[in-house]
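Undergrad: Have a look at this one before I ask anything.
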Amino acid sequence: MRGLGPRAAALRALVLGRPAGPRASSGRAAGTVARAMDELLRRAVPAVPAYELRDKSPAAAEGQCADFVSFYGGLAGVAERAELLGRLAGGFGVDHGQVAEQSAGLLQLRRGPREEAVLLQAEDRLRYALLPRYRGLFHHIGKLDGGVRFLVRLRADLLEAQALKLLEGPHVREMNGMLKGMLSEWFSSGFLNLERVTWHSPCEVLQKVSESEAVHPVKNWMDMKRRVGPYRRCCFFSHCTTPGEPLVVLHVALTTEISSNIQGIVKECPPSETEEKNKIAAAIFYSISLTQQGLQGVELGTFLIKRVVKELQKEFPHLETFSSLSPIPGFTKWLLGLLNSKAKEHGRNELFTDSECKEISEITGGPITETLKVFLSSNEWVKSEKLVRALQAPLMRLCAWYLYGEKHRGYALNPVANFHLQNGAVLWRINWMADSSLKGITSSCGLMVNYRYYLEETATNSIAYLSSKNIKASEQVLSLVTQFQKNSKL
């Protein structure tokens, strides 16, 4: 990407070279920074062409957009970048005057008899008026060498600034939505390459996959070797503009049955160095990780699972069983929240039966609500075999309700559940003590869940979930939900 132009270089010098002096000068410095950013944006963000010239790009647009990229890359931290992005979102959005004018014109046309072509053009003019001005900046940046990668990083900064409350408001949310939509088009499945990782893959690829593993962290190179060795498949999507660079990574275990324990997958060595196809009866998706935070919400994971299933069916024509072994992030936090609310009520504990309360209190030596809050906040409770046995029945039914009954806008509250259910999977089996790692115990009390993919039913299940919010669940899960409704009350 080319260097800064003289004017942009001077503007950046104003921002980066401001003195860190006394408080009296801080206001002037802030004003200087604001003016520098505003001037950059006025120059870099292309004006919206007239409707008749909408397909023509101004000759200077590419150079000015490159100046913006260079200037932005030179800003020191998230706060300065948030300031620039906030000014971009607030000052270069939709021209509301144009929207009102085009809307009025369209309404006027609809009141009288008009040719369909005239109405369609009026609607197209309105759509054009609804495009924010900063979309032109993003569009031209996307044409630069490395521009798409820059926009992914920019959106990651935008999401971080929102999470830190440095940026808020409808203009910011609108810009995030616009950028997400553009990236969704640029990263649609037709532009993605499926690549498999083996122990002979380039070191930088292995390193990237190892570092990006967010579900079950890779401990060392031997651990990584197991995860890409026999009876394992590790695949990722790369973009056609950046081959070999992982965007989203999927780990698969090839097993004899649907796995119920993650340590058996990530810690145990395979039965042999040579795969025996007759021993492979199930494919278990045990980890999927996004490597680029700027691609959050872009539908990559769903496409990756579908593509990997097709590849596995080619390699193992007899393979019919596909399932995840998924973590349940947020379950412990949700459960502790329930215990806190019950403690404040000072009434009868309605999460556990009387016999469960008595047994757990005898083991912990105190009131069930207070002692469980302490025990479940750490991983110490798993050292007591008696407590582990006593908690199995109540935590299994509470977990079933958390996955099946707790909703956000009608859909599953748990994000991992929502992802697989949108894909058309079945909430199939909840597994007790399936993840004994520190992370597994503290985040989900050691529980994990299988979301099973019946390939002939996924489309129907997905439509039912997305349109009617119906969750397809197995008899085991529904039985646990019934036990919850009978024995526990929220």
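By convention in this document, the chains of the structure tokens carry letters A, B, ... by their order, each chain's residues are numbered from 1, and ligands are numbered from 1 in the order they are shown.
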Quick one: everything within 9 Å of stretch 446-459 of chain A, counting only C-alpha atoms, minus sequence neighbours fewer than 5 positions away in the same chain. Send it as a PyMOL selection string.
TA: chain A and resi 258-262+284+320-328+331+382+395-396+399+417+420-421+423-441+464
Undergrad: The selected residues should be written to file as a PDB file, in the first residue's frame (atoms: C-alpha atoms).
TA:
```pdb
ATOM      1  CA  ILE A 258     -20.315 -40.064  19.551  1.00  0.00           C
ATOM      2  CA  SER A 259     -17.832 -38.841  22.147  1.00  0.00           C
ATOM      3  CA  SER A 260     -18.966 -37.811  25.617  1.00  0.00           C
ATOM      4  CA  ASN A 261     -15.633 -36.588  27.040  1.00  0.00           C
ATOM      5  CA  ILE A 262     -13.257 -34.030  25.578  1.00  0.00           C
ATOM      6  CA  ILE A 284     -17.073 -35.192  16.085  1.00  0.00           C
ATOM      7  CA  GLU A 320     -23.262 -41.166   8.487  1.00  0.00           C
ATOM      8  CA  THR A 321     -22.900 -39.937  12.078  1.00  0.00           C
ATOM      9  CA  PHE A 322     -21.970 -36.287  12.581  1.00  0.00           C
ATOM     10  CA  SER A 323     -22.074 -34.521  15.919  1.00  0.00           C
ATOM     11  CA  SER A 324     -20.432 -31.797  17.932  1.00  0.00           C
ATOM     12  CA  LEU A 325     -18.976 -32.095  21.414  1.00  0.00           C
ATOM     13  CA  SER A 326     -19.538 -28.558  22.572  1.00  0.00           C
ATOM     14  CA  PRO A 327     -18.758 -26.479  25.637  1.00  0.00           C
ATOM     15  CA  ILE A 328     -21.537 -24.667  27.496  1.00  0.00           C
ATOM     16  CA  PHE A 331     -23.771 -22.043  32.433  1.00  0.00           C
ATOM     17  CA  VAL A 382     -14.814 -31.789  41.904  1.00  0.00           C
ATOM     18  CA  LEU A 395     -27.076 -29.844  37.592  1.00  0.00           C
ATOM     19  CA  MET A 396     -27.987 -32.052  34.631  1.00  0.00           C
ATOM     20  CA  CYS A 399     -28.290 -27.429  32.381  1.00  0.00           C
ATOM     21  CA  ALA A 417     -26.440 -23.670  21.267  1.00  0.00           C
ATOM     22  CA  HIS A 420     -25.710 -25.232  16.135  1.00  0.00           C
ATOM     23  CA  LEU A 421     -29.512 -24.970  16.313  1.00  0.00           C
ATOM     24  CA  ASN A 423     -27.470 -24.929  11.516  1.00  0.00           C
ATOM     25  CA  GLY A 424     -30.278 -27.452  11.996  1.00  0.00           C
ATOM     26  CA  ALA A 425     -28.614 -29.688  14.591  1.00  0.00           C
ATOM     27  CA  VAL A 426     -30.505 -31.538  17.327  1.00  0.00           C
ATOM     28  CA  LEU A 427     -29.879 -30.832  21.030  1.00  0.00           C
ATOM     29  CA  TRP A 428     -28.979 -34.489  21.498  1.00  0.00           C
ATOM     30  CA  ARG A 429     -27.142 -35.363  24.726  1.00  0.00           C
ATOM     31  CA  ILE A 430     -25.868 -33.577  27.828  1.00  0.00           C
ATOM     32  CA  ASN A 431     -22.707 -35.178  29.246  1.00  0.00           C
ATOM     33  CA  TRP A 432     -21.737 -35.127  32.934  1.00  0.00           C
ATOM     34  CA  MET A 433     -18.083 -34.456  33.818  1.00  0.00           C
ATOM     35  CA  ALA A 434     -17.226 -34.267  30.135  1.00  0.00           C
ATOM     36  CA  ASP A 435     -14.562 -31.565  30.555  1.00  0.00           C
ATOM     37  CA  SER A 436     -12.432 -31.853  33.689  1.00  0.00           C
ATOM     38  CA  SER A 437     -10.113 -28.989  32.727  1.00  0.00           C
ATOM     39  CA  LEU A 438     -10.035 -25.849  34.868  1.00  0.00           C
ATOM     40  CA  LYS A 439     -11.792 -23.917  32.102  1.00  0.00           C
ATOM     41  CA  GLY A 440     -14.454 -26.600  31.711  1.00  0.00           C
ATOM     42  CA  ILE A 441     -15.207 -26.799  35.441  1.00  0.00           C
ATOM     43  CA  ALA A 464     -38.271 -24.476  12.204  1.00  0.00           C
TER      44      ALA A 464
END
```
Undergrad: Please build the interface table for stretch 256-300 of chain A against stretch 202-212 of chain A with a cut-off of 12 Å, listing for each qualifying residue the nearest atom pair and the distance in Å to one decimal; count only C-alpha atoms, order rows by chain and increasing number, and write it as a tab-separated table.
TA:
```
residue	atom	partner	partner_atom	distance
A:Ser287	CA	A:Ser212	CA	10.9
A:Ile288	CA	A:Ser212	CA	9.7
A:Ser289	CA	A:Ser212	CA	6.6
A:Leu290	CA	A:Ser212	CA	7.2
A:Thr291	CA	A:Ser212	CA	5.5
A:Gln292	CA	A:Ser212	CA	8.9
A:Gln293	CA	A:Ser212	CA	10.6
```
Undergrad: May I ask for the distance between atom CA of A:Lys407 and atom CA of A:Ser443, given in Å to one decimal place?
TA: 18.8 Å
Undergrad: Could the residues of stretch 182-262 of chain A that have an atom at most 12 Å from stretch 167-177 of chain A be listed as a tab-separated table, each with its closest atom pair and the distance in Å to one decimal, counting only C-alpha atoms and ordered by chain and ascending residue number?
TA:
```
residue	atom	partner	partner_atom	distance
A:Met182	CA	A:Gly177	CA	8.7
A:Leu183	CA	A:Gly177	CA	9.9
A:Ser184	CA	A:Gly177	CA	10.4
```
Undergrad: Those residues you just picked out, can you put them in a file as a compact mmCIF listing (two decimals), in the first residue's frame with C-alpha atoms?
TA:
```txt
# COMPACT_ATOMS: atom_id res chain seq x y z
CA MET A 182 -20.02 -5.60 3.09
CA LEU A 183 -17.65 -8.14 4.67
CA SER A 184 -20.37 -10.81 4.45
```
Undergrad: When DSSP is applied to the backbone of this structure, which of stretch 354-433 of chain A are assigned strand (DSSP E or B)? Write them out as a compact mmCIF listing (two decimals) with C-alpha atoms, in the first residue's frame.
TA:
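Generated file (out.txt):
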```txt
# COMPACT_ATOMS: atom_id res chain seq x y z
CA LYS A 407 -34.09 -17.62 25.65
CA HIS A 408 -32.95 -14.32 24.19
CA TYR A 411 -33.83 -18.04 20.56
CA ALA A 412 -31.43 -20.05 22.73
CA VAL A 426 -30.51 -31.54 17.33
CA LEU A 427 -29.88 -30.83 21.03
CA TRP A 428 -28.98 -34.49 21.50
CA ARG A 429 -27.14 -35.36 24.73
CA ILE A 430 -25.87 -33.58 27.83
CA ASN A 431 -22.71 -35.18 29.25
```
Undergrad: Please provide the set of residues having any atom within 10 Å of A:Glu356, restricted to only C-alpha atoms, with same-chain residues fewer than 3 positions apart removed, written as a PDB file with C-alpha atoms, in the first residue's frame.
TA:
```pdb
ATOM      1  CA  LEU A 351     -33.795 -25.239  42.589  1.00  0.00           C
ATOM      2  CA  PHE A 352     -33.234 -28.508  44.470  1.00  0.00           C
ATOM      3  CA  THR A 353     -35.548 -31.100  45.992  1.00  0.00           C
ATOM      4  CA  GLU A 359     -27.672 -34.502  51.086  1.00  0.00           C
ATOM      5  CA  ILE A 360     -25.698 -31.539  49.694  1.00  0.00           C
ATOM      6  CA  SER A 361     -25.866 -29.644  53.006  1.00  0.00           C
ATOM      7  CA  GLU A 362     -24.553 -32.674  54.879  1.00  0.00           C
ATOM      8  CA  ILE A 368     -26.991 -25.200  50.379  1.00  0.00           C
ATOM      9  CA  ALA A 390     -24.912 -35.443  44.728  1.00  0.00           C
ATOM     10  CA  LEU A 391     -24.815 -32.614  42.200  1.00  0.00           C
ATOM     11  CA  ALA A 393     -28.939 -35.019  38.923  1.00  0.00           C
ATOM     12  CA  PRO A 394     -29.788 -31.387  39.802  1.00  0.00           C
TER      13      PRO A 394
END
```
Undergrad: Could you check the closest approach to A:Arg87 for each of A:Asn193, A:Leu130, A:Phe68, A:Asp38 and tell me which residue wins, using only C-alpha atoms?
TA: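 Selected residue with least distance to A:Arg87: A:Asp38.
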Undergrad: How many Å lie between atom CA of A:Val248 and atom CA of A:Glu185, rounded to one decimal?
TA: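 Between atom CA of A:Val248 and atom CA of A:Glu185 the gap works out to 16.3 Å.
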Undergrad: Can you pull out every residue within 9 Å of stretch 298-305 of chain A, counting only C-alpha atoms, but drop anything in the same chain fewer than 2 positions away, and send it as a PyMOL selection string?
TA: chain A and resi 180-181+183-184+187-189+194+235-237+247-250+285+288-290+294-296+307-310+419-420+422-423
Undergrad: Please identify all polymer residues within 12 Å of A:Leu131, counting only C-alpha atoms, omitting same-chain residues fewer than 5 positions from it, and present them as a ChimeraX atom specification.
TA: /A:47-49,51,54,92-96,98-99,124-126,136-139,174-175,178-179
Undergrad: Skip A:Leu106 itself and residues of its chain fewer than 6 positions away, then list as a count of residues only all residues within 10 Å of it, counting only C-alpha atoms.
TA: 10
Undergrad: Just give me the gap between atom CA of A:Ala104 and atom CA of A:Gly91 in Å, one decimal is fine.
TA: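 Calculated distance between atom CA of A:Ala104 and atom CA of A:Gly91 is 24.0 Å.
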Undergrad: Which residues are close to A:Leu312, i.e. within 10 Å by only C-alpha atoms, leaving aside same-chain residues fewer than 6 positions away? Reply as a count of residues only.
TA: 6
Undergrad: Given the choices A:Leu387, A:Ala129, A:Cys234, A:Met224, which gets closest to A:Gly97 if the distance is worked out from only C-alpha atoms?
TA: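 Of the candidates, the smallest distance to A:Gly97 is held by A:Ala129.
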